[in-house]
$ cat data.txt   # compact mmCIF, N, CA and C atoms
# COMPACT_ATOMS: atom_id res chain seq x y z
N MET A 1 -17.52 8.25 -9.95
CA MET A 1 -18.17 9.48 -9.52
C MET A 1 -17.42 10.05 -8.32
N GLU A 2 -17.10 11.31 -8.39
CA GLU A 2 -16.47 11.97 -7.26
C GLU A 2 -17.52 12.81 -6.55
N THR A 3 -17.44 12.81 -5.24
CA THR A 3 -18.40 13.62 -4.49
C THR A 3 -17.89 15.04 -4.47
N THR A 4 -18.37 15.85 -5.41
CA THR A 4 -17.90 17.22 -5.57
C THR A 4 -19.03 18.19 -5.27
N SER A 5 -18.76 19.19 -4.48
CA SER A 5 -19.76 20.19 -4.15
C SER A 5 -19.54 21.42 -5.03
N ALA A 6 -20.61 21.92 -5.62
CA ALA A 6 -20.52 23.12 -6.46
C ALA A 6 -20.17 24.35 -5.62
N ARG A 7 -20.36 24.26 -4.30
CA ARG A 7 -20.09 25.41 -3.43
C ARG A 7 -18.60 25.56 -3.10
N VAL A 8 -17.80 24.55 -3.44
CA VAL A 8 -16.37 24.64 -3.15
C VAL A 8 -15.74 25.62 -4.12
N PRO A 9 -15.06 26.66 -3.61
CA PRO A 9 -14.47 27.64 -4.53
C PRO A 9 -13.34 27.00 -5.33
N GLN A 10 -13.19 27.45 -6.55
CA GLN A 10 -12.09 26.96 -7.37
C GLN A 10 -10.86 27.82 -7.05
N LEU A 11 -9.84 27.21 -6.50
CA LEU A 11 -8.64 27.95 -6.14
C LEU A 11 -7.74 28.11 -7.36
N ALA A 12 -7.02 29.23 -7.40
CA ALA A 12 -6.04 29.46 -8.46
C ALA A 12 -4.87 28.51 -8.26
N PRO A 13 -4.18 28.13 -9.35
CA PRO A 13 -3.02 27.22 -9.19
C PRO A 13 -2.00 27.71 -8.18
N GLU A 14 -1.75 29.03 -8.13
CA GLU A 14 -0.77 29.56 -7.17
C GLU A 14 -1.23 29.31 -5.73
N GLN A 15 -2.54 29.42 -5.50
CA GLN A 15 -3.07 29.17 -4.15
C GLN A 15 -2.94 27.70 -3.79
N ILE A 16 -3.19 26.83 -4.76
CA ILE A 16 -3.07 25.39 -4.51
C ILE A 16 -1.63 25.03 -4.17
N LEU A 17 -0.69 25.58 -4.94
CA LEU A 17 0.72 25.29 -4.70
C LEU A 17 1.15 25.82 -3.33
N ARG A 18 0.68 26.99 -2.98
CA ARG A 18 1.03 27.58 -1.68
C ARG A 18 0.45 26.74 -0.53
N ALA A 19 -0.79 26.29 -0.68
CA ALA A 19 -1.40 25.45 0.35
C ALA A 19 -0.67 24.13 0.47
N CYS A 20 -0.28 23.53 -0.65
CA CYS A 20 0.48 22.28 -0.62
C CYS A 20 1.80 22.48 0.12
N ASP A 21 2.48 23.59 -0.18
CA ASP A 21 3.76 23.87 0.49
C ASP A 21 3.57 23.96 2.00
N TYR A 22 2.51 24.66 2.41
CA TYR A 22 2.25 24.82 3.84
C TYR A 22 1.94 23.49 4.51
N VAL A 23 1.04 22.72 3.90
CA VAL A 23 0.65 21.43 4.50
C VAL A 23 1.87 20.51 4.59
N GLU A 24 2.70 20.52 3.55
CA GLU A 24 3.89 19.67 3.60
C GLU A 24 4.85 20.10 4.70
N LEU A 25 5.01 21.41 4.92
CA LEU A 25 5.86 21.88 6.02
C LEU A 25 5.31 21.42 7.37
N VAL A 26 4.00 21.49 7.54
CA VAL A 26 3.38 21.02 8.79
C VAL A 26 3.62 19.52 8.94
N TRP A 27 3.47 18.79 7.83
CA TRP A 27 3.65 17.33 7.87
C TRP A 27 5.07 16.96 8.24
N GLN A 28 6.05 17.70 7.72
CA GLN A 28 7.46 17.40 7.99
C GLN A 28 7.88 17.82 9.39
N GLU A 29 7.00 18.52 10.10
CA GLU A 29 7.28 19.01 11.46
C GLU A 29 8.50 19.93 11.49
N GLN A 30 8.69 20.70 10.43
CA GLN A 30 9.70 21.76 10.31
C GLN A 30 10.99 21.50 11.09
N GLY A 31 11.72 20.48 10.67
CA GLY A 31 12.96 20.13 11.37
C GLY A 31 14.10 21.11 11.19
N SER A 32 14.32 21.61 9.98
CA SER A 32 15.47 22.48 9.73
C SER A 32 15.13 23.94 10.02
N GLU A 33 16.18 24.76 10.12
CA GLU A 33 15.95 26.19 10.34
C GLU A 33 15.23 26.83 9.17
N GLU A 34 15.55 26.37 7.94
CA GLU A 34 14.87 26.91 6.76
C GLU A 34 13.38 26.61 6.80
N GLU A 35 13.04 25.37 7.21
CA GLU A 35 11.63 24.97 7.29
C GLU A 35 10.91 25.79 8.36
N ARG A 36 11.57 26.01 9.49
CA ARG A 36 10.95 26.82 10.55
C ARG A 36 10.73 28.26 10.08
N ALA A 37 11.70 28.79 9.33
CA ALA A 37 11.57 30.16 8.80
C ALA A 37 10.43 30.23 7.78
N ALA A 38 10.32 29.19 6.95
CA ALA A 38 9.25 29.16 5.95
C ALA A 38 7.89 29.12 6.65
N LEU A 39 7.77 28.32 7.71
CA LEU A 39 6.51 28.26 8.46
C LEU A 39 6.19 29.62 9.08
N ALA A 40 7.20 30.28 9.63
CA ALA A 40 6.99 31.60 10.23
C ALA A 40 6.46 32.59 9.19
N ARG A 41 6.99 32.50 7.96
CA ARG A 41 6.50 33.40 6.90
C ARG A 41 5.04 33.10 6.58
N PHE A 42 4.69 31.81 6.50
CA PHE A 42 3.28 31.45 6.27
C PHE A 42 2.41 31.98 7.40
N HIS A 43 2.85 31.77 8.64
CA HIS A 43 2.03 32.13 9.80
C HIS A 43 1.83 33.62 9.94
N ALA A 44 2.71 34.39 9.33
CA ALA A 44 2.56 35.85 9.38
C ALA A 44 1.27 36.30 8.68
N ASP A 45 0.75 35.45 7.79
CA ASP A 45 -0.49 35.79 7.07
C ASP A 45 -1.74 35.61 7.92
N GLY A 46 -1.64 34.83 9.00
CA GLY A 46 -2.75 34.65 9.93
C GLY A 46 -4.07 34.28 9.29
N PRO A 47 -5.07 35.20 9.32
CA PRO A 47 -6.40 34.88 8.80
C PRO A 47 -6.41 34.50 7.32
N GLU A 48 -5.54 35.10 6.51
CA GLU A 48 -5.50 34.74 5.09
C GLU A 48 -5.04 33.29 4.93
N LEU A 49 -4.08 32.88 5.75
CA LEU A 49 -3.60 31.50 5.71
C LEU A 49 -4.72 30.55 6.12
N ALA A 50 -5.45 30.89 7.18
CA ALA A 50 -6.55 30.04 7.63
C ALA A 50 -7.61 29.91 6.54
N ARG A 51 -7.94 31.01 5.89
CA ARG A 51 -8.94 30.97 4.82
C ARG A 51 -8.47 30.07 3.68
N LEU A 52 -7.20 30.22 3.30
CA LEU A 52 -6.65 29.40 2.21
C LEU A 52 -6.70 27.92 2.56
N ILE A 53 -6.26 27.58 3.76
CA ILE A 53 -6.23 26.17 4.15
C ILE A 53 -7.65 25.62 4.28
N GLY A 54 -8.59 26.43 4.74
CA GLY A 54 -9.98 25.99 4.81
C GLY A 54 -10.54 25.68 3.43
N GLU A 55 -10.29 26.55 2.46
CA GLU A 55 -10.79 26.34 1.11
C GLU A 55 -10.05 25.18 0.43
N PHE A 56 -8.74 25.10 0.65
CA PHE A 56 -7.96 24.00 0.10
C PHE A 56 -8.43 22.67 0.69
N GLY A 57 -8.68 22.66 1.98
CA GLY A 57 -9.16 21.44 2.63
C GLY A 57 -10.50 21.00 2.09
N ALA A 58 -11.41 21.95 1.91
CA ALA A 58 -12.72 21.62 1.35
C ALA A 58 -12.57 21.06 -0.06
N LEU A 59 -11.65 21.65 -0.84
CA LEU A 59 -11.39 21.18 -2.19
C LEU A 59 -10.86 19.75 -2.18
N LEU A 60 -9.90 19.47 -1.29
CA LEU A 60 -9.35 18.11 -1.19
C LEU A 60 -10.40 17.11 -0.76
N LEU A 61 -11.16 17.46 0.27
CA LEU A 61 -12.18 16.54 0.75
C LEU A 61 -13.20 16.21 -0.33
N ALA A 62 -13.63 17.24 -1.06
CA ALA A 62 -14.68 17.04 -2.06
C ALA A 62 -14.16 16.40 -3.34
N GLY A 63 -12.93 16.74 -3.75
CA GLY A 63 -12.48 16.32 -5.06
C GLY A 63 -11.49 15.19 -5.09
N HIS A 64 -10.85 14.89 -3.97
CA HIS A 64 -9.77 13.90 -4.01
C HIS A 64 -9.86 12.82 -2.94
N LEU A 65 -10.33 13.16 -1.76
CA LEU A 65 -10.20 12.23 -0.65
C LEU A 65 -11.38 11.28 -0.51
N THR A 66 -12.49 11.54 -1.19
CA THR A 66 -13.63 10.64 -1.13
C THR A 66 -14.10 10.36 -2.53
N VAL A 67 -13.70 9.26 -3.06
CA VAL A 67 -14.08 8.89 -4.42
C VAL A 67 -14.89 7.61 -4.34
N VAL A 68 -16.09 7.64 -4.90
CA VAL A 68 -16.98 6.48 -4.91
C VAL A 68 -16.95 5.89 -6.31
N PRO A 69 -16.64 4.58 -6.46
CA PRO A 69 -16.64 3.98 -7.80
C PRO A 69 -18.01 4.09 -8.46
N ASP A 70 -18.02 4.22 -9.78
CA ASP A 70 -19.27 4.40 -10.53
C ASP A 70 -20.30 3.32 -10.22
N GLU A 71 -19.84 2.08 -10.06
CA GLU A 71 -20.79 0.99 -9.82
C GLU A 71 -21.49 1.10 -8.47
N HIS A 72 -20.98 1.97 -7.60
CA HIS A 72 -21.60 2.16 -6.28
C HIS A 72 -22.21 3.55 -6.11
N ALA A 73 -22.31 4.29 -7.21
CA ALA A 73 -22.79 5.67 -7.13
C ALA A 73 -24.20 5.77 -6.58
N ASP A 74 -25.03 4.74 -6.80
CA ASP A 74 -26.41 4.77 -6.33
C ASP A 74 -26.60 4.07 -4.98
N CYS A 75 -25.52 3.59 -4.39
CA CYS A 75 -25.62 2.87 -3.12
C CYS A 75 -25.81 3.83 -1.95
N GLU A 76 -26.36 3.30 -0.88
CA GLU A 76 -26.54 4.11 0.32
C GLU A 76 -25.20 4.59 0.86
N SER A 77 -24.16 3.75 0.74
CA SER A 77 -22.85 4.14 1.27
C SER A 77 -22.30 5.36 0.52
N ALA A 78 -22.57 5.45 -0.80
CA ALA A 78 -22.13 6.62 -1.56
C ALA A 78 -22.85 7.87 -1.07
N TYR A 79 -24.14 7.73 -0.80
CA TYR A 79 -24.92 8.86 -0.28
C TYR A 79 -24.36 9.32 1.06
N VAL A 80 -24.09 8.35 1.94
CA VAL A 80 -23.56 8.67 3.26
C VAL A 80 -22.19 9.33 3.13
N ALA A 81 -21.32 8.79 2.26
CA ALA A 81 -19.99 9.37 2.07
C ALA A 81 -20.10 10.81 1.57
N GLU A 82 -21.01 11.05 0.63
CA GLU A 82 -21.18 12.41 0.10
C GLU A 82 -21.63 13.36 1.20
N LYS A 83 -22.56 12.92 2.05
CA LYS A 83 -23.04 13.78 3.13
C LYS A 83 -21.92 14.05 4.14
N LEU A 84 -21.12 13.03 4.45
CA LEU A 84 -20.00 13.23 5.38
C LEU A 84 -19.01 14.24 4.84
N VAL A 85 -18.69 14.12 3.54
CA VAL A 85 -17.76 15.06 2.92
C VAL A 85 -18.34 16.47 2.94
N THR A 86 -19.62 16.60 2.62
CA THR A 86 -20.26 17.91 2.60
C THR A 86 -20.20 18.56 3.97
N VAL A 87 -20.55 17.80 5.01
CA VAL A 87 -20.56 18.35 6.37
C VAL A 87 -19.14 18.67 6.84
N ALA A 88 -18.18 17.74 6.59
CA ALA A 88 -16.80 17.98 7.02
C ALA A 88 -16.23 19.21 6.31
N SER A 89 -16.51 19.35 5.01
CA SER A 89 -16.02 20.51 4.26
C SER A 89 -16.61 21.80 4.81
N ARG A 90 -17.91 21.78 5.08
CA ARG A 90 -18.58 22.97 5.59
C ARG A 90 -17.99 23.39 6.93
N TYR A 91 -17.80 22.43 7.83
CA TYR A 91 -17.26 22.78 9.14
C TYR A 91 -15.80 23.20 9.06
N LEU A 92 -15.02 22.56 8.20
CA LEU A 92 -13.63 22.96 8.04
C LEU A 92 -13.54 24.40 7.55
N LYS A 93 -14.33 24.74 6.53
CA LYS A 93 -14.30 26.10 6.01
C LYS A 93 -14.80 27.10 7.05
N ARG A 94 -15.90 26.78 7.73
CA ARG A 94 -16.46 27.69 8.75
C ARG A 94 -15.44 27.93 9.85
N TRP A 95 -14.80 26.86 10.27
CA TRP A 95 -13.78 26.91 11.32
C TRP A 95 -12.64 27.83 10.89
N CYS A 96 -12.16 27.67 9.65
CA CYS A 96 -11.03 28.47 9.18
C CYS A 96 -11.42 29.91 8.88
N LEU A 97 -12.67 30.16 8.56
CA LEU A 97 -13.12 31.52 8.28
C LEU A 97 -13.50 32.28 9.55
N ALA A 98 -13.53 31.57 10.68
CA ALA A 98 -13.96 32.19 11.93
C ALA A 98 -12.91 33.13 12.50
N GLY A 99 -11.75 33.23 11.86
CA GLY A 99 -10.76 34.20 12.30
C GLY A 99 -9.71 33.65 13.23
N GLY A 100 -9.53 32.34 13.27
CA GLY A 100 -8.55 31.76 14.17
C GLY A 100 -7.11 31.96 13.75
N GLY A 101 -6.89 32.38 12.53
CA GLY A 101 -5.54 32.68 12.07
C GLY A 101 -4.65 31.47 11.92
N ALA A 102 -3.36 31.69 12.15
CA ALA A 102 -2.35 30.68 11.88
C ALA A 102 -2.55 29.41 12.72
N HIS A 103 -2.97 29.56 13.97
CA HIS A 103 -3.18 28.39 14.82
C HIS A 103 -4.27 27.50 14.23
N THR A 104 -5.34 28.10 13.74
CA THR A 104 -6.42 27.34 13.11
C THR A 104 -5.91 26.66 11.84
N ALA A 105 -5.13 27.37 11.04
CA ALA A 105 -4.58 26.78 9.82
C ALA A 105 -3.71 25.57 10.15
N TRP A 106 -2.91 25.69 11.20
CA TRP A 106 -2.04 24.59 11.63
C TRP A 106 -2.87 23.35 11.99
N ILE A 107 -3.91 23.55 12.78
CA ILE A 107 -4.76 22.42 13.19
C ILE A 107 -5.47 21.83 11.99
N ALA A 108 -5.98 22.69 11.09
CA ALA A 108 -6.66 22.21 9.89
C ALA A 108 -5.70 21.42 9.01
N ALA A 109 -4.46 21.89 8.89
CA ALA A 109 -3.46 21.15 8.10
C ALA A 109 -3.23 19.77 8.70
N GLY A 110 -3.18 19.69 10.03
CA GLY A 110 -3.04 18.39 10.69
C GLY A 110 -4.19 17.46 10.38
N PHE A 111 -5.41 17.99 10.36
CA PHE A 111 -6.60 17.21 10.01
C PHE A 111 -6.48 16.68 8.58
N LEU A 112 -6.07 17.54 7.65
CA LEU A 112 -5.93 17.13 6.25
C LEU A 112 -4.83 16.08 6.10
N ILE A 113 -3.74 16.23 6.85
CA ILE A 113 -2.66 15.25 6.79
C ILE A 113 -3.17 13.88 7.23
N GLU A 114 -3.95 13.85 8.29
CA GLU A 114 -4.53 12.57 8.75
C GLU A 114 -5.39 11.96 7.65
N CYS A 115 -6.21 12.78 6.98
CA CYS A 115 -7.04 12.29 5.88
C CYS A 115 -6.18 11.77 4.74
N MET A 116 -5.15 12.51 4.38
CA MET A 116 -4.29 12.13 3.26
C MET A 116 -3.54 10.83 3.54
N GLN A 117 -3.18 10.60 4.77
CA GLN A 117 -2.44 9.38 5.09
C GLN A 117 -3.31 8.15 4.91
N GLU A 118 -4.64 8.33 4.97
CA GLU A 118 -5.55 7.21 4.70
C GLU A 118 -5.58 6.90 3.21
N VAL A 119 -5.24 7.89 2.38
CA VAL A 119 -5.30 7.72 0.93
C VAL A 119 -3.94 7.31 0.37
N ASP A 120 -2.89 7.97 0.81
CA ASP A 120 -1.57 7.80 0.21
C ASP A 120 -0.56 8.48 1.12
N GLN A 121 0.71 8.33 0.81
CA GLN A 121 1.72 9.09 1.53
C GLN A 121 1.52 10.57 1.22
N VAL A 122 1.64 11.39 2.22
CA VAL A 122 1.33 12.81 2.08
C VAL A 122 2.19 13.47 0.99
N HIS A 123 3.50 13.22 1.00
CA HIS A 123 4.39 13.87 0.04
C HIS A 123 3.97 13.55 -1.40
N GLN A 124 3.72 12.27 -1.69
CA GLN A 124 3.34 11.88 -3.05
C GLN A 124 1.98 12.44 -3.42
N PHE A 125 1.06 12.43 -2.47
CA PHE A 125 -0.27 12.96 -2.75
C PHE A 125 -0.20 14.44 -3.09
N LEU A 126 0.56 15.21 -2.30
CA LEU A 126 0.71 16.64 -2.58
C LEU A 126 1.46 16.88 -3.89
N ALA A 127 2.42 16.02 -4.22
CA ALA A 127 3.12 16.16 -5.50
C ALA A 127 2.13 16.00 -6.66
N ASP A 128 1.19 15.07 -6.52
CA ASP A 128 0.17 14.89 -7.55
C ASP A 128 -0.72 16.12 -7.67
N ILE A 129 -1.09 16.70 -6.52
CA ILE A 129 -1.93 17.90 -6.54
C ILE A 129 -1.17 19.05 -7.20
N ARG A 130 0.11 19.19 -6.86
CA ARG A 130 0.93 20.25 -7.47
C ARG A 130 1.03 20.06 -8.98
N ARG A 131 1.22 18.82 -9.41
CA ARG A 131 1.33 18.53 -10.84
C ARG A 131 0.04 18.92 -11.56
N ASN A 132 -1.11 18.62 -10.95
CA ASN A 132 -2.39 19.01 -11.53
C ASN A 132 -2.52 20.52 -11.62
N ALA A 133 -2.06 21.22 -10.57
CA ALA A 133 -2.16 22.69 -10.57
C ALA A 133 -1.27 23.29 -11.65
N TYR A 134 -0.05 22.74 -11.80
CA TYR A 134 0.87 23.24 -12.84
C TYR A 134 0.30 22.99 -14.23
N ALA A 135 -0.37 21.86 -14.38
CA ALA A 135 -0.93 21.53 -15.70
C ALA A 135 -2.17 22.36 -16.01
N GLY A 136 -2.64 23.10 -15.00
CA GLY A 136 -3.82 23.95 -15.22
C GLY A 136 -5.12 23.19 -15.18
N ARG A 137 -5.05 21.94 -14.73
CA ARG A 137 -6.28 21.15 -14.65
C ARG A 137 -7.02 21.49 -13.36
N PRO A 138 -8.35 21.57 -13.42
CA PRO A 138 -9.10 21.80 -12.17
C PRO A 138 -8.90 20.62 -11.24
N THR A 139 -8.76 20.90 -9.95
CA THR A 139 -8.49 19.81 -8.99
C THR A 139 -9.75 19.24 -8.39
N ALA A 140 -10.90 19.85 -8.62
CA ALA A 140 -12.12 19.31 -8.02
C ALA A 140 -13.14 18.94 -9.09
N ALA A 141 -12.74 18.91 -10.33
CA ALA A 141 -13.68 18.57 -11.39
C ALA A 141 -13.78 17.08 -11.53
N ALA A 142 -14.96 16.64 -11.91
CA ALA A 142 -15.17 15.20 -12.09
C ALA A 142 -14.50 14.74 -13.36

$ encode --input "data.txt" --output "structure tokens"
Amino acid sequence: METTSARVPQLAPEQILRACDYVELVWQEQGSEEERAALARFHADGPELARLIGEFGALLLAGHLTVVPDEHADCESAYVAEKLVTVASRYLKRWCLAGGGAHTAWIAAGFLIECMQEVDQVHQFLADIRRNAYAGRPTAAA
């Protein structure tokens, strides 16, 4: 059972790929001039970037980063995990929709990177998300 919220918007594959690209650039700490230029292009979007990263983050939290095995679906820990994901997703989205722009998106991406490192290496995890988006599969469906 995956803790999935029906309130999480379904992002288009292009949005998922764009969010993955941005998060990976933040994770790599933009060492090369090309990476710095790519980040500058993302940051030019400001509030749109923050909104995208907020929605992408909520999608990741709900659909990928907290998975409770079926045999524990009725346990108190599963209930607690679901509530934590719901609250974290809500605050992440609210924070990113509050108009903080590129700086907010950057901080949110850092938060997601920390979460992803608990699950897997960030690059491989994002590659899996990209593969799902290319295949046209929903990323938050059970």

$ atom_distance --input "data.txt" --atom1 "CA of Glu118 in chain A" --atom2 "CA of His64 in chain A"
11.8 Å

$ atom_distance --input "data.txt" --atom1 "CA of Trp27 in chain A" --atom2 "CA of Phe42 in chain A"
14.2 Å

$ residues_near_point --input "data.txt" --point "(-9.5, 24.6, 10.6)" --cutoff "8 Å" --atoms "only C-alpha atoms" --output "list in words"
Ala50, Ile53, Gly54, Leu92, Lys93, Arg94, Trp95, Cys96, Thr104, Ala105, Trp106, Ile107, Ala108, Ala109 and Phe111 of chain A

$ write_last_selection --input "data.txt" --atoms "N, CA and C atoms" --output "JSON list (two decimals), in the coordinates of the input"
[["chain", "number", "residue", "atom", "x", "y", "z"],
["A", 50, "ALA", "N", -5.45, 30.89, 7.18],
["A", 50, "ALA", "CA", -6.55, 30.04, 7.63],
["A", 50, "ALA", "C", -7.61, 29.91, 6.54],
["A", 53, "ILE", "N", -6.26, 27.58, 3.76],
["A", 53, "ILE", "CA", -6.23, 26.17, 4.15],
["A", 53, "ILE", "C", -7.65, 25.62, 4.28],
["A", 54, "GLY", "N", -8.59, 26.43, 4.74],
["A", 54, "GLY", "CA", -9.98, 25.99, 4.81],
["A", 54, "GLY", "C", -10.54, 25.68, 3.43],
["A", 92, "LEU", "N", -15.02, 22.56, 8.20],
["A", 92, "LEU", "CA", -13.63, 22.96, 8.04],
["A", 92, "LEU", "C", -13.54, 24.40, 7.55],
["A", 93, "LYS", "N", -14.33, 24.74, 6.53],
["A", 93, "LYS", "CA", -14.30, 26.10, 6.01],
["A", 93, "LYS", "C", -14.80, 27.10, 7.05],
["A", 94, "ARG", "N", -15.90, 26.78, 7.73],
["A", 94, "ARG", "CA", -16.46, 27.69, 8.75],
["A", 94, "ARG", "C", -15.44, 27.93, 9.85],
["A", 95, "TRP", "N", -14.80, 26.86, 10.27],
["A", 95, "TRP", "CA", -13.78, 26.91, 11.32],
["A", 95, "TRP", "C", -12.64, 27.83, 10.89],
["A", 96, "CYS", "N", -12.16, 27.67, 9.65],
["A", 96, "CYS", "CA", -11.03, 28.47, 9.18],
["A", 96, "CYS", "C", -11.42, 29.91, 8.88],
["A", 104, "THR", "N", -5.34, 28.10, 13.74],
["A", 104, "THR", "CA", -6.42, 27.34, 13.11],
["A", 104, "THR", "C", -5.91, 26.66, 11.84],
["A", 105, "ALA", "N", -5.13, 27.37, 11.04],
["A", 105, "ALA", "CA", -4.58, 26.78, 9.82],
["A", 105, "ALA", "C", -3.71, 25.57, 10.15],
["A", 106, "TRP", "N", -2.91, 25.69, 11.20],
["A", 106, "TRP", "CA", -2.04, 24.59, 11.63],
["A", 106, "TRP", "C", -2.87, 23.35, 11.99],
["A", 107, "ILE", "N", -3.91, 23.55, 12.78],
["A", 107, "ILE", "CA", -4.76, 22.42, 13.19],
["A", 107, "ILE", "C", -5.47, 21.83, 11.99],
["A", 108, "ALA", "N", -5.98, 22.69, 11.09],
["A", 108, "ALA", "CA", -6.66, 22.21, 9.89],
["A", 108, "ALA", "C", -5.70, 21.42, 9.01],
["A", 109, "ALA", "N", -4.46, 21.89, 8.89],
["A", 109, "ALA", "CA", -3.46, 21.15, 8.10],
["A", 109, "ALA", "C", -3.23, 19.77, 8.70],
["A", 111, "PHE", "N", -5.41, 17.99, 10.36],
["A", 111, "PHE", "CA", -6.60, 17.21, 10.01],
["A", 111, "PHE", "C", -6.48, 16.68, 8.58]]

$ closest_residue --input "data.txt" --among "A:Val122, A:Ala81, A:Leu25, A:Ala19" --to "Gly57 in chain A" --atoms "only N, CA and C atoms"
A:Ala19

$ atom_distance --input "data.txt" --atom1 "CA of Gly63 in chain A" --atom2 "CA of Val26 in chain A"
21.6 Å

$ select_by_dssp --input "data.txt" --residues "chain A" --states "alpha helix (DSSP H)" --output "JSON, numbers by chain"
{"A": [13, 14, 15, 16, 17, 18, 19, 20, 21, 22, 23, 24, 25, 26, 27, 28, 33, 34, 35, 36, 37, 38, 39, 40, 41, 42, 43, 47, 48, 49, 50, 51, 52, 53, 54, 55, 56, 57, 58, 59, 60, 61, 62, 63, 76, 77, 78, 79, 80, 81, 82, 83, 84, 85, 86, 87, 88, 89, 90, 91, 92, 93, 94, 95, 96, 97, 101, 102, 103, 104, 105, 106, 107, 108, 109, 110, 111, 112, 113, 114, 115, 116, 117, 118, 119, 122, 123, 124, 125, 126, 127, 128, 129, 130, 131, 132, 133, 134]}

$ closest_residue --input "data.txt" --among "A:Leu97, A:Ala102, A:Cys115, A:Ala133" --to "Ala40 in chain A" --atoms "only C-alpha atoms"
A:Ala102
